[in-house]
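As structure tokens, the structure follows; a few thoughts come after it.
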Amino acid sequence: MSVKNKQISIQELTEKEIPLIIRYWLTSSPEHLIAMGVDLEKVPTEENLTKYLTSQVSLPIEAKESYALIWMLDGKPIGHSNINEINFGESAKMHLHIWEQANRQKGIGLELLKLSIEAYFKKFNLQELICEPYAHNPAPNKTLEKLDFLLIKEYSTIPGSINFRQKVKRWQLTLQAFENIKND
């Protein structure tokens, strides 16, 4: 698929790309992480991240707690999307990250997310995808709205193991809604 003469694609995370995800989490500016709702004190160590991601890559699909796709632009990795809280055949929570500022807000993430969503529904036989970005982080919220996710509610919670208590927007995309979008 292309976006303004750029080739985009997704690929499953392998052990080879794990250092790229770790670098993103450990070298992103505190301002960037806080803008996503990350509690800086809760970011795992390099060793713990490596151990966890490596274990997830090697598990059979039905046993995964987390699953990541690497986002590619012109053959180079530029970000990732992942799901966790996976209930195979039912639901999962989705996350999206473009690693470098230079690649953000160009429509690339939107197109990569479309590919990722289709992969998640197929690979995990999902009936719904949930995404709960920080309510004060406009980029993912705008992207989810453009993809016809349904805004379910806005509420205060600690949405993940590395987050502080925050207001989030809970977005949902059902398989039925996805199929309708795909067929339009």
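Ordering of the structure tokens sets the chain letters (A, B, ...); residue numbers start at 1 within each chain; ligands are numbered from 1 in the order shown.
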(request) Extract, using only C-alpha atoms, all DNA, RNA and protein residues at most 8 Å from segment 70-79 of chain A, discarding same-chain residues fewer than 4 positions from it, and format them as a list in words. (result)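 Non-adjacent residues within range: Lys6, Gln7, Ile8, Ser9, Ile10, Gln11, Glu12, Leu13, Glu17, Ile21, Leu96, His97, Ile98, Trp99, Glu100, Asn103 and Leu112 of chain A.
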(message) Neighbouring residues of segment 45-58 of chain A were defined as those with any atom within 8 Å, considering only C-alpha atoms; residues of the same chain fewer than 4 positions away were excluded. Please report them as an MDAnalysis selection string.
(response) chainID A and resid 13:15 18:19 22 26 64:67
(message) Could you list, as a PyMOL selection string, every residue within 10 Å of Ala139 of chain A, counting only C-alpha atoms and ignoring same-chain residues fewer than 4 positions away?
(response) chain A and resi 36+104-105+109+133-135+143-144
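Distance check against Ile108 of chain A using only C-alpha atoms: of A:Val38, A:Asn5, A:Ile162, A:Gln176, the minimum falls on A:Asn5.
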(request) Point out the residue among A:Phe88, A:Lys114, A:Arg165, A:Leu69 with the least atom-to-atom distance to Lys146 of chain A, counting only C-alpha atoms. (result)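 Residue with the minimum atom-to-atom distance to Lys146 of chain A: A:Lys114.
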(request) Extract, using only C-alpha atoms, all DNA, RNA and protein residues at most 10 Å from Asn141 of chain A, discarding same-chain residues fewer than 6 positions from it, and format them as a list in words. (result)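 Selected residues are Cys131, Glu132, Pro133, Tyr134, Ala135, Phe149, Leu151, Val168, Lys169, Arg170 and Trp171 of chain A.
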Output N, CA and C atoms of each residue in that selection to a file, as a PDB file, in the first residue's frame.
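Generated output (selection_35.pdb):
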```pdb
ATOM      1  N   CYS A 131      -9.624   0.501  22.220  1.00  0.00           N
ATOM      2  CA  CYS A 131      -8.449   1.349  22.351  1.00  0.00           C
ATOM      3  C   CYS A 131      -8.800   2.445  23.341  1.00  0.00           C
ATOM      4  N   GLU A 132      -7.922   2.673  24.322  1.00  0.00           N
ATOM      5  CA  GLU A 132      -8.188   3.660  25.359  1.00  0.00           C
ATOM      6  C   GLU A 132      -7.032   4.659  25.484  1.00  0.00           C
ATOM      7  N   PRO A 133      -6.877   5.552  24.508  1.00  0.00           N
ATOM      8  CA  PRO A 133      -5.805   6.539  24.620  1.00  0.00           C
ATOM      9  C   PRO A 133      -6.117   7.621  25.651  1.00  0.00           C
ATOM     10  N   TYR A 134      -5.066   8.212  26.145  1.00  0.00           N
ATOM     11  CA  TYR A 134      -5.150   9.356  27.053  1.00  0.00           C
ATOM     12  C   TYR A 134      -6.056  10.396  26.394  1.00  0.00           C
ATOM     13  N   ALA A 135      -7.043  10.870  27.116  1.00  0.00           N
ATOM     14  CA  ALA A 135      -8.017  11.811  26.553  1.00  0.00           C
ATOM     15  C   ALA A 135      -7.364  13.104  26.077  1.00  0.00           C
ATOM     16  N   PHE A 149     -14.116   4.088  14.687  1.00  0.00           N
ATOM     17  CA  PHE A 149     -14.276   3.508  16.019  1.00  0.00           C
ATOM     18  C   PHE A 149     -15.402   4.279  16.690  1.00  0.00           C
ATOM     19  N   LEU A 151     -16.933   5.948  19.963  1.00  0.00           N
ATOM     20  CA  LEU A 151     -16.554   6.443  21.282  1.00  0.00           C
ATOM     21  C   LEU A 151     -17.596   5.949  22.285  1.00  0.00           C
ATOM     22  N   VAL A 168      -9.319   8.762  30.066  1.00  0.00           N
ATOM     23  CA  VAL A 168      -9.135   8.104  28.775  1.00  0.00           C
ATOM     24  C   VAL A 168     -10.440   8.151  27.991  1.00  0.00           C
ATOM     25  N   LYS A 169     -10.293   7.987  26.703  1.00  0.00           N
ATOM     26  CA  LYS A 169     -11.455   7.810  25.838  1.00  0.00           C
ATOM     27  C   LYS A 169     -11.462   6.339  25.420  1.00  0.00           C
ATOM     28  N   ARG A 170     -12.565   5.679  25.687  1.00  0.00           N
ATOM     29  CA  ARG A 170     -12.697   4.256  25.317  1.00  0.00           C
ATOM     30  C   ARG A 170     -13.377   4.181  23.954  1.00  0.00           C
ATOM     31  N   TRP A 171     -12.609   3.688  22.972  1.00  0.00           N
ATOM     32  CA  TRP A 171     -13.090   3.530  21.600  1.00  0.00           C
ATOM     33  C   TRP A 171     -13.266   2.047  21.312  1.00  0.00           C
TER      34      TRP A 171
END
```
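Considering only C-alpha atoms, the residue among A:His136, A:His80, A:Arg23, A:Lys93 positioned nearest to Ser116 of chain A is A:His80.
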(request) Calculate how many Å separate atom CA of Ala92 of chain A from atom CA of Ile117 of chain A, rounding to one decimal. (result) 10.9 Å
(request) Select from segment 15-182 of chain A everything DSSP, run on the backbone, classes as strand (DSSP E or B), then give the selection as JSON, numbers by chain. (result) {"A": [38, 66, 67, 68, 69, 70, 71, 72, 73, 76, 77, 78, 79, 80, 81, 82, 83, 84, 85, 86, 87, 91, 92, 93, 94, 95, 96, 97, 98, 128, 129, 130, 131, 134, 150, 151, 152, 153, 154, 155, 156, 157, 163, 166, 167, 168, 169, 170, 171, 172, 173, 174]}
(message) Please determine, counting only C-alpha atoms, which residue among A:Ser81, A:Asn87, A:Ser29, A:Gln172 has the shortest atom-to-atom distance to Ile130 of chain A.
(response) A:Gln172
(request) Select from segment 117-163 of chain A everything DSSP, run on the backbone, classes as helix (DSSP H, G or I), then give the selection as a ChimeraX atom specification. (result) /A:117-124,138-146
Pull N, CA and C atoms from the residues just selected and write them as a PDB file, in the first residue's frame.
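Generated file (part_2.pdb):
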```
ATOM      1  N   ILE A 117      -5.349  -3.360  12.037  1.00  0.00           N
ATOM      2  CA  ILE A 117      -6.679  -3.758  12.515  1.00  0.00           C
ATOM      3  C   ILE A 117      -7.150  -5.009  11.787  1.00  0.00           C
ATOM      4  N   GLU A 118      -6.985  -5.026  10.480  1.00  0.00           N
ATOM      5  CA  GLU A 118      -7.402  -6.206   9.717  1.00  0.00           C
ATOM      6  C   GLU A 118      -6.635  -7.445  10.181  1.00  0.00           C
ATOM      7  N   ALA A 119      -5.333  -7.291  10.413  1.00  0.00           N
ATOM      8  CA  ALA A 119      -4.514  -8.413  10.880  1.00  0.00           C
ATOM      9  C   ALA A 119      -4.972  -8.902  12.255  1.00  0.00           C
ATOM     10  N   TYR A 120      -5.267  -7.980  13.167  1.00  0.00           N
ATOM     11  CA  TYR A 120      -5.706  -8.382  14.502  1.00  0.00           C
ATOM     12  C   TYR A 120      -7.023  -9.152  14.447  1.00  0.00           C
ATOM     13  N   PHE A 121      -7.993  -8.643  13.701  1.00  0.00           N
ATOM     14  CA  PHE A 121      -9.283  -9.341  13.608  1.00  0.00           C
ATOM     15  C   PHE A 121      -9.093 -10.745  13.054  1.00  0.00           C
ATOM     16  N   LYS A 122      -8.291 -10.877  12.000  1.00  0.00           N
ATOM     17  CA  LYS A 122      -8.109 -12.194  11.372  1.00  0.00           C
ATOM     18  C   LYS A 122      -7.305 -13.139  12.253  1.00  0.00           C
ATOM     19  N   LYS A 123      -6.145 -12.695  12.699  1.00  0.00           N
ATOM     20  CA  LYS A 123      -5.218 -13.588  13.396  1.00  0.00           C
ATOM     21  C   LYS A 123      -5.763 -14.070  14.737  1.00  0.00           C
ATOM     22  N   PHE A 124      -6.514 -13.211  15.425  1.00  0.00           N
ATOM     23  CA  PHE A 124      -7.007 -13.556  16.754  1.00  0.00           C
ATOM     24  C   PHE A 124      -8.509 -13.824  16.773  1.00  0.00           C
ATOM     25  N   PRO A 138      -4.390  14.164  21.501  1.00  0.00           N
ATOM     26  CA  PRO A 138      -5.317  14.276  20.372  1.00  0.00           C
ATOM     27  C   PRO A 138      -5.034  13.337  19.199  1.00  0.00           C
ATOM     28  N   ALA A 139      -3.783  13.026  18.911  1.00  0.00           N
ATOM     29  CA  ALA A 139      -3.465  12.252  17.698  1.00  0.00           C
ATOM     30  C   ALA A 139      -4.172  10.900  17.641  1.00  0.00           C
ATOM     31  N   PRO A 140      -4.032  10.027  18.648  1.00  0.00           N
ATOM     32  CA  PRO A 140      -4.707   8.731  18.519  1.00  0.00           C
ATOM     33  C   PRO A 140      -6.226   8.863  18.544  1.00  0.00           C
ATOM     34  N   ASN A 141      -6.728   9.816  19.304  1.00  0.00           N
ATOM     35  CA  ASN A 141      -8.182   9.994  19.356  1.00  0.00           C
ATOM     36  C   ASN A 141      -8.737  10.420  18.005  1.00  0.00           C
ATOM     37  N   LYS A 142      -8.066  11.317  17.314  1.00  0.00           N
ATOM     38  CA  LYS A 142      -8.502  11.731  15.974  1.00  0.00           C
ATOM     39  C   LYS A 142      -8.404  10.569  14.990  1.00  0.00           C
ATOM     40  N   THR A 143      -7.336   9.803  15.096  1.00  0.00           N
ATOM     41  CA  THR A 143      -7.134   8.669  14.198  1.00  0.00           C
ATOM     42  C   THR A 143      -8.237   7.632  14.373  1.00  0.00           C
ATOM     43  N   LEU A 144      -8.567   7.297  15.608  1.00  0.00           N
ATOM     44  CA  LEU A 144      -9.611   6.302  15.869  1.00  0.00           C
ATOM     45  C   LEU A 144     -10.961   6.780  15.363  1.00  0.00           C
ATOM     46  N   GLU A 145     -11.229   8.052  15.534  1.00  0.00           N
ATOM     47  CA  GLU A 145     -12.490   8.609  15.033  1.00  0.00           C
ATOM     48  C   GLU A 145     -12.551   8.497  13.511  1.00  0.00           C
ATOM     49  N   LYS A 146     -11.444   8.782  12.832  1.00  0.00           N
ATOM     50  CA  LYS A 146     -11.401   8.684  11.367  1.00  0.00           C
ATOM     51  C   LYS A 146     -11.636   7.255  10.886  1.00  0.00           C
TER      52      LYS A 146
END
```
